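Report on the structure given below.
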Amino acid sequence: MIPQLGYLSLTIALGLAVMLAIFPLWGAHRGNIQLMNSAKALALGVFFFTALSLLALTYAFIVNDFTIAYVATHSSSLTPLRYRITAVWGGHEGSFLLWIFIFGLWMAAVAVRSNNIPLIMRSRVLGVMGFVSIGFYLFILLMSNPFETLLPYFPIEGRDLNPLLQDFAMIIHPPLLYMGYVGLSVCFAFAIAALMTGKLDATWAKWSRPWAMAAWMFLTLGIVIGSWWAYYELGWGGWWFWDPVENASLMPWLVTTALIHSFAVTEKRGIFKSWTVLLAIAGFSLSLLGTFLVRSGIVVSVHAFASDPDRGLFILAFLFVVIASSLALYALKASHMRSYVKYTMFSREVFLWGNNIILTVATMVVMLGTFLPMIHKEIGLGSISIGSPFFTEIFSYLLPPFALLLVITPLIRWKQNRFDSVKKPLFIALVLSVIIGLGLLSVGQSFVDNLALMGLILSIWIGISTIQAVLKKKPVQAQGFAALKQLSGSEWAMVLGHLGFAVAIIGMVMTSSYGVEKDVRMRPGQTVNLAGYDFNFVGVKNISVENYTGHAGTVKVSYDGKPVATMVAEKRVYIVQQMPMTEAAVDAGFTRDLFVALGEPFDDGSWALRIYHKPFIRWIWFGGLIIAFGALCAMMDRRYRLRRKTLSQQALAEQTATPQTQEAL
Amino acid sequence: MNPRRKQRLYAIISLLLGLSAITGLVLYALSENIDLFFTPSEVIDGRKKDGIKPEIGQRLRIGGLVVPGSVKRNDETLDVSFDLVDTGPKVTIVYQGILPDLFREGQGIVAQGHLVAENRIEAFEVLAKHDENYMPEEVADALKEMGQYKSEYGKDKE
């Protein structure tokens with residue numbers, strides 16, 4: 001009964017979404033305030049009924065309702081409750097329900113949090129979002145109904161959730177990533193609404209920038225957690241595989257990174273407007289493309305857990321409609337948006353432009369590497385694969401110029417600057433970073449070492465120049481560190497974002513260059529040495545917990561005879577699916593991770609073991625967290641809140657104005 | 001030319017130079033890192049449609065079924081060798097390291113490595129069906145073509 005209600009509320013949500021796509025936009029066109037005012041209620045209604053539907057599915061999982069096909073294939077009565085709840089998004093249908101729930105959440109957030117925005121703009125934004133959501137609702141109702149029943153013949157036991165997904169990171173990774181993906185739709189809607197109005201200006205940038213920041217923050221967090229999960233759960237100890245699904249999340253991230261920088265220019269200087277709009281459209285399109293990639297099954301991936309080619313086709317068609325119509329609108333309107341603001345070659349504008357170009361190139365490289373094998377196969381040239389060395393190589397070329405821009409840009413001013421004025425701080429920073437980098441790496445000069453050295457120096461340089469940029473701020477120069485409190489949220493965002501990037505780069509180059517991996521065959525009692533650590537294999541015993549059985553191997557680690565850690569790596573067999581799984585043991589540390597995974601047993605009682613020493617790997621994710629925190633600071637910027645107050649008064653005044661003046665807005 | 005135009009010209013020229021440098025690098029990196037996929041019989045006899053045959057020393061991907069009884073392990077180390085087959089001749093894979101959890105005799109796998117002799121590949125990576133999608137499609141397709149496709153190789157998605 002309750003699942004049927006879930007389906008019903010989805011249909012109601014579709015109905016409301018259709019109304020949301022029509023009435024507010026029509027009202028905005030005709031200047032009808034009542035119709036425009038309906039946007040908020042309709043958006044909240046869509047959200048409410050979608051939430052109800054998600055709750056209904058969760059309920060079906062909690063009570064083990066195996067009459068529902070989706071529940072029967074993604075859960076079992078042996079599955080622990082916490083994983084029964086997260087199994088809601090453990091497969092295709094449910095994760096799409098989560099997707100549209102989050103879409104509704106963003107829509108509701110826009111409806112509630114945008115009193116500072118003129119009514120006409122708000123109703124257009126919500127209308128565009130409603131329009132986009134129709135596609136999603138049709139998709140879930142017609143092609144991927146999570147409430148499909150197996151009646152009258154249903155199994156008495158479910159098939160359990162894929163063991164790889166029975167994990168803490170998998171509880172939070174999909175919602176975070178989806179928050180990011182779907183959040184980009186808000187920027188997209190703002191861009192489209194602005195194109196409709198034909199009024200792209202600094203105010204528009206100010207309105208949509210916090211939303212871009214929010215989406216970007218979630219995207220960053222989602223990617224970081226996904227990388228962390230792949231590291232310890234897939235049992236390979238890698239943190240990034242350049243796998244199509246990972247690339248699908250990286251592409252929108254790169255574009256959105258470009259977008260938030262381009263937004264800065266548009267907001268402060270009123271230029272790059274059409275470029276910013278294009279990035280906003282590209283960001284959302286790429287996130288749809290990512291969904292298509294993950295859901296269609298046309299790519300082979302370690303992360304794709306649910307896929308179906310027909311569904312992929314629907315998403316592809318939808319993607320085509322969204323991209324084609326928004327680009328058509330862009331082509332019609334963007335030509336009127338030329339701006340004439342003067343700036344010279346040596347100015348922050350130009351350097352941020354460079355940043356955008358590098359990020360765009362990076363996106364295109366990822367796209368090429370991801371789609372070329374698919375296209376190659378589709379046109380009948382046979383299967384090929386593009387290895388991760390391709391991506392690593394290109395990104396190591398792109399990183400140095402990008403890092404240089406990152407070093408210089410915060411130090412120079414808008415409009416124009418003279419190189420002399422930044423020469424001194426730049427030089428000091430370079431010397432300091434070379435000294436520190438060289439000091440840290442006094443030995444070994446192979447190619448790998450030099451790569452690591454370059455990465456280190458660049459990161460430290462970024463770090464130092466970012467701090468210099470803070471010190472150059474007027475209040476800091478006048479009052480010293482007490483003035484740090486006066487820095488605005490956006491300034492903190494810049495500082496934290498760049499420092500986080502530097503930290504992550506240090507993690508990446510150190511891990512890639514100095515990580516040691518070893519597959520060994522060990523008898524109980526045997527010891528191997530890796531990077532100075534002695535790994536003593538104690539032995540293996542049988543285990544049996546909740547919904548799996550298996551073996552647990554104990555490894556005692558010591559350094560110079562001093563015990564460091566006792567690590568227990570497991571080899572599990574999940575009872576329902578009879579699926580073996582490697583559960584690695586990780587001893588996490590600030591400067592290094594130790595990683596032990598259990599391989600296969602041999603006839604003579606020995607086991608295969610995989611042992612890694614990964615220096616600084618945690619810095620990758622730590623850096624990502626710093627970046628995300630920076631984005632949070634930007635969202636909290638006082639400027640947006642103050643604007644809200646004054647603007648809401650303005651908006652109030654506008655609402656009482658006549659429809660004719662509304663139209664003029 | 002006025003200085004403003006001149007500046008713009010320099011900007012465009014440097015942009016073009018940068019982009020062509022990147023394009024060159026991308027093409028170069030691509031040519032180094034594209035691996036073709038073969039089945040065991042294609043390694044020996046060449047591909048049906050275009051007759052392309054891998055040369056010794058070439059890096060490639062190979063997919064096929066593990067021949068039952070062919071898996072030989074070294075007694076002391078992690079060295080292992082096994083034969084792969086599709087419809088025709090077998091190819092021997094040698095590998096050093098831990099085989100994936102779902103590596104089984106009779107199962108489909110994909111290996112990536114270098115061709116060291118006409119029918120011998122030194123693999124640096126061996127992938128098995130890890131979940132419903134990790135059975136690489138390439139193998140499923142190859143198996144389909146030779147009529148050995150079993151439903152468990154990809155359609156148990158739901």
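Ordering of the structure tokens sets the chain letters (A, B, ...); residue numbers start at 1 within each chain; ligands are numbered from 1 in the order shown.
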Just the residues within 9 Å of Phe124 in chain B, please, counting only C-alpha atoms, with nothing from its chain fewer than 6 positions along; format it as number ranges by chain.
B: 94-97, 111-114
Taking the backbone alone, and naming residues the way the document does, which bits of range 411-637 of chain A are strand (DSSP E or B) by DSSP, as a VMD selection string?
chain A and resid 516 to 522 527 to 530 533 to 545 548 to 559 562 to 574 579 to 583 585 to 587 592 to 601 607 to 615
Would you output that residue set with C-alpha atoms, as an mmCIF file, in the first residue's frame?
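File written: again-v4.cif
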```cif
data_model
loop_
_atom_site.group_PDB
_atom_site.id
_atom_site.type_symbol
_atom_site.label_atom_id
_atom_site.label_comp_id
_atom_site.auth_asym_id
_atom_site.auth_seq_id
_atom_site.Cartn_x
_atom_site.Cartn_y
_atom_site.Cartn_z
ATOM 1 C CA VAL A 516 55.669 1.556 -2.836
ATOM 2 C CA GLU A 517 53.490 -1.391 -3.694
ATOM 3 C CA LYS A 518 54.394 -5.009 -3.236
ATOM 4 C CA ASP A 519 52.547 -8.256 -3.842
ATOM 5 C CA VAL A 520 54.130 -10.953 -1.713
ATOM 6 C CA ARG A 521 53.579 -14.571 -0.807
ATOM 7 C CA MET A 522 53.920 -15.129 2.917
ATOM 8 C CA THR A 527 58.289 -10.864 7.766
ATOM 9 C CA VAL A 528 58.834 -8.550 4.819
ATOM 10 C CA ASN A 529 60.295 -5.071 4.825
ATOM 11 C CA LEU A 530 58.775 -2.209 2.874
ATOM 12 C CA TYR A 533 58.512 -0.938 7.936
ATOM 13 C CA ASP A 534 58.585 -4.598 8.937
ATOM 14 C CA PHE A 535 55.352 -6.410 8.129
ATOM 15 C CA ASN A 536 55.003 -9.586 10.179
ATOM 16 C CA PHE A 537 52.286 -11.936 8.954
ATOM 17 C CA VAL A 538 50.811 -13.514 12.083
ATOM 18 C CA GLY A 539 48.215 -15.758 10.492
ATOM 19 C CA VAL A 540 44.668 -16.108 9.289
ATOM 20 C CA LYS A 541 41.564 -17.085 11.204
ATOM 21 C CA ASN A 542 37.970 -17.687 10.197
ATOM 22 C CA ILE A 543 35.332 -15.061 10.821
ATOM 23 C CA SER A 544 31.562 -14.982 10.615
ATOM 24 C CA VAL A 545 29.714 -11.700 11.048
ATOM 25 C CA TYR A 548 29.167 -12.572 5.579
ATOM 26 C CA THR A 549 31.801 -15.133 6.517
ATOM 27 C CA GLY A 550 35.440 -15.219 5.586
ATOM 28 C CA HIS A 551 39.058 -15.052 6.679
ATOM 29 C CA ALA A 552 40.853 -12.380 8.646
ATOM 30 C CA GLY A 553 44.612 -12.087 8.292
ATOM 31 C CA THR A 554 46.603 -10.296 10.963
ATOM 32 C CA VAL A 555 49.751 -8.369 10.160
ATOM 33 C CA LYS A 556 51.897 -6.770 12.853
ATOM 34 C CA VAL A 557 53.841 -3.771 11.647
ATOM 35 C CA SER A 558 56.940 -2.415 13.320
ATOM 36 C CA TYR A 559 59.501 0.242 12.484
ATOM 37 C CA LYS A 562 59.118 -0.561 17.611
ATOM 38 C CA PRO A 563 55.542 -1.754 17.060
ATOM 39 C CA VAL A 564 53.519 0.597 14.868
ATOM 40 C CA ALA A 565 50.217 -1.102 14.228
ATOM 41 C CA THR A 566 48.347 -4.365 14.148
ATOM 42 C CA MET A 567 46.402 -4.587 10.935
ATOM 43 C CA VAL A 568 43.578 -6.995 10.191
ATOM 44 C CA ALA A 569 42.714 -7.469 6.536
ATOM 45 C CA GLU A 570 39.681 -9.504 5.621
ATOM 46 C CA LYS A 571 38.589 -11.681 2.778
ATOM 47 C CA ARG A 572 34.818 -11.857 2.957
ATOM 48 C CA VAL A 573 32.230 -13.971 1.236
ATOM 49 C CA TYR A 574 28.786 -12.421 1.386
ATOM 50 C CA MET A 579 30.425 -12.813 -3.666
ATOM 51 C CA PRO A 580 33.998 -12.698 -2.418
ATOM 52 C CA MET A 581 35.316 -9.332 -1.367
ATOM 53 C CA THR A 582 38.603 -7.948 -0.173
ATOM 54 C CA GLU A 583 38.400 -5.685 2.826
ATOM 55 C CA ALA A 585 43.330 -2.898 6.369
ATOM 56 C CA VAL A 586 44.575 0.675 6.418
ATOM 57 C CA ASP A 587 46.781 2.268 9.039
ATOM 58 C CA ARG A 592 51.915 8.044 5.326
ATOM 59 C CA ASP A 593 49.351 5.271 5.005
ATOM 60 C CA LEU A 594 50.109 1.589 5.388
ATOM 61 C CA PHE A 595 47.784 -0.636 3.418
ATOM 62 C CA VAL A 596 47.440 -4.414 3.621
ATOM 63 C CA ALA A 597 45.059 -6.512 1.543
ATOM 64 C CA LEU A 598 44.596 -10.249 1.666
ATOM 65 C CA GLY A 599 44.946 -12.113 -1.631
ATOM 66 C CA GLU A 600 44.398 -15.809 -2.171
ATOM 67 C CA PRO A 601 45.470 -18.810 -0.055
ATOM 68 C CA TRP A 607 48.813 -16.428 1.508
ATOM 69 C CA ALA A 608 49.217 -13.783 -1.135
ATOM 70 C CA LEU A 609 49.354 -10.341 0.451
ATOM 71 C CA ARG A 610 49.349 -6.912 -1.067
ATOM 72 C CA ILE A 611 51.291 -4.373 0.944
ATOM 73 C CA TYR A 612 51.517 -0.660 0.216
ATOM 74 C CA HIS A 613 53.324 2.274 1.708
ATOM 75 C CA LYS A 614 51.657 5.477 0.513
ATOM 76 C CA PRO A 615 53.297 8.681 1.672
#
```
Which residues are near Val576 in chain A? Cut-off 8 Å, only C-alpha atoms, ignore same chain within fewer than 4 positions. Put them as a count of residues only.
4
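Distances here use only C-alpha atoms; by that measure, the residue among A:Leu313, A:Ala588, A:Ile626, A:Leu165 closest to chain B is A:Leu165.
Take CA of Arg413 in chain A and CA of Ala280 in chain A: the distance between them is 25.4 Å.
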Please compute the CA of Ile384 in chain A-CA of Gly237 in chain A distance, one decimal, in Å.
25.2 Å
Within 9 Å of Gly180 in chain A, counting only C-alpha atoms, which residues qualify if same-chain residues fewer than 2 places away don't, as a VMD selection string?
chain A and resid 175 to 178 182 to 184 214 to 222 253 287
Surrounding residues of range 634-636 of chain A excluding itself and chain neighbours under 2 positions, 8 Å, only C-alpha atoms, as a VMD selection string
chain A and resid 210 to 211 213 to 214 489 to 493 630 to 632 638 640 to 641
C-alpha atoms of the current selection, written as a compact mmCIF listing (two decimals), in the first residue's frame:
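As a result, out_27.txt now contains:
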```
# COMPACT_ATOMS: atom_id res chain seq x y z
CA PRO A 210 26.63 31.45 -4.10
CA TRP A 211 24.61 28.68 -5.75
CA MET A 213 29.75 27.76 -4.88
CA ALA A 214 27.32 25.45 -3.07
CA GLY A 489 34.11 35.16 3.03
CA SER A 490 35.15 35.31 -0.61
CA GLU A 491 38.71 36.20 0.34
CA TRP A 492 38.83 33.28 2.74
CA ALA A 493 37.43 31.09 -0.01
CA GLY A 630 36.66 27.46 1.34
CA ALA A 631 33.56 27.19 -0.86
CA LEU A 632 31.44 27.21 2.29
CA ARG A 638 28.59 38.90 4.29
CA TYR A 640 25.48 38.20 -0.14
CA ARG A 641 23.66 38.50 3.15
```
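One distance worth recording is that between CA of Leu20 in chain A and CA of Ser53 in chain A, which is 18.9 Å.
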Assign secondary structure with DSSP using the backbone only, and return the residues of chain B in helix (DSSP H, G or I) as a VMD selection string.
chain B and resid 3 to 33 40 to 45 137 to 145 151 to 153
Export of the given selection (C-alpha atoms) as a PDB file, in the first residue's frame:
```pdb
ATOM      1  CA  PRO B   3      49.013  49.498 -29.579  1.00  0.00           C
ATOM      2  CA  ARG B   4      45.677  48.092 -28.444  1.00  0.00           C
ATOM      3  CA  ARG B   5      45.277  46.089 -31.624  1.00  0.00           C
ATOM      4  CA  LYS B   6      48.867  44.993 -31.425  1.00  0.00           C
ATOM      5  CA  GLN B   7      48.317  43.705 -27.924  1.00  0.00           C
ATOM      6  CA  ARG B   8      45.277  41.797 -29.021  1.00  0.00           C
ATOM      7  CA  LEU B   9      47.229  40.276 -31.882  1.00  0.00           C
ATOM      8  CA  TYR B  10      49.922  39.065 -29.491  1.00  0.00           C
ATOM      9  CA  ALA B  11      47.273  37.601 -27.221  1.00  0.00           C
ATOM     10  CA  ILE B  12      45.685  35.694 -30.073  1.00  0.00           C
ATOM     11  CA  ILE B  13      49.009  34.467 -31.418  1.00  0.00           C
ATOM     12  CA  SER B  14      50.139  33.215 -28.025  1.00  0.00           C
ATOM     13  CA  LEU B  15      46.772  31.549 -27.490  1.00  0.00           C
ATOM     14  CA  LEU B  16      47.026  29.775 -30.836  1.00  0.00           C
ATOM     15  CA  LEU B  17      50.571  28.681 -30.104  1.00  0.00           C
ATOM     16  CA  GLY B  18      49.531  27.343 -26.712  1.00  0.00           C
ATOM     17  CA  LEU B  19      46.566  25.473 -28.112  1.00  0.00           C
ATOM     18  CA  SER B  20      48.546  23.904 -30.931  1.00  0.00           C
ATOM     19  CA  ALA B  21      51.233  22.855 -28.444  1.00  0.00           C
ATOM     20  CA  ILE B  22      48.563  21.202 -26.306  1.00  0.00           C
ATOM     21  CA  THR B  23      46.961  19.538 -29.323  1.00  0.00           C
ATOM     22  CA  GLY B  24      50.346  18.149 -30.321  1.00  0.00           C
ATOM     23  CA  LEU B  25      50.986  16.854 -26.836  1.00  0.00           C
ATOM     24  CA  VAL B  26      47.538  15.270 -26.639  1.00  0.00           C
ATOM     25  CA  LEU B  27      47.972  13.507 -29.962  1.00  0.00           C
ATOM     26  CA  TYR B  28      51.401  12.297 -28.962  1.00  0.00           C
ATOM     27  CA  ALA B  29      50.194  11.042 -25.593  1.00  0.00           C
ATOM     28  CA  LEU B  30      47.260   9.342 -27.299  1.00  0.00           C
ATOM     29  CA  SER B  31      49.444   7.526 -29.793  1.00  0.00           C
ATOM     30  CA  GLU B  32      51.536   6.238 -26.904  1.00  0.00           C
ATOM     31  CA  ASN B  33      48.653   5.087 -24.779  1.00  0.00           C
ATOM     32  CA  PRO B  40      43.266 -15.145 -28.363  1.00  0.00           C
ATOM     33  CA  SER B  41      42.483 -16.313 -31.896  1.00  0.00           C
ATOM     34  CA  GLU B  42      42.938 -12.768 -33.186  1.00  0.00           C
ATOM     35  CA  VAL B  43      46.373 -12.626 -31.588  1.00  0.00           C
ATOM     36  CA  ILE B  44      47.413 -15.693 -33.555  1.00  0.00           C
ATOM     37  CA  ASP B  45      45.474 -15.262 -36.821  1.00  0.00           C
ATOM     38  CA  GLU B 137      31.872  -5.800 -22.524  1.00  0.00           C
ATOM     39  CA  GLU B 138      34.636  -6.625 -24.950  1.00  0.00           C
ATOM     40  CA  VAL B 139      34.686 -10.171 -23.636  1.00  0.00           C
ATOM     41  CA  ALA B 140      30.923 -10.435 -23.586  1.00  0.00           C
ATOM     42  CA  ASP B 141      30.862  -9.301 -27.222  1.00  0.00           C
ATOM     43  CA  ALA B 142      33.592 -11.710 -28.233  1.00  0.00           C
ATOM     44  CA  LEU B 143      31.831 -14.545 -26.432  1.00  0.00           C
ATOM     45  CA  LYS B 144      28.558 -13.642 -28.078  1.00  0.00           C
ATOM     46  CA  GLU B 145      30.156 -13.827 -31.480  1.00  0.00           C
ATOM     47  CA  SER B 151      23.519 -15.041 -19.566  1.00  0.00           C
ATOM     48  CA  GLU B 152      25.509 -14.467 -16.389  1.00  0.00           C
ATOM     49  CA  TYR B 153      28.002 -12.348 -18.291  1.00  0.00           C
TER      50      TYR B 153
END
```
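Proximity to Leu115 in chain B at 8 Å, evaluated using only C-alpha atoms and with sequence-adjacent residues fewer than 4 positions away removed, yields Pro54, Glu55, Ile56, Gly57, Gln58, Arg59, Leu60, Asn119, Arg120, Ile121 and Glu122 of chain B.
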Considering only C-alpha atoms, state which residue in the set B:Leu102, B:Ile93, B:Ala123, B:Ile109 is at the smallest distance from chain A.
B:Leu102
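The nearest approach to chain A among the residues B:Val66, B:Val91, B:Leu36, B:Leu84, with only C-alpha atoms taken into account, belongs to B:Leu36.
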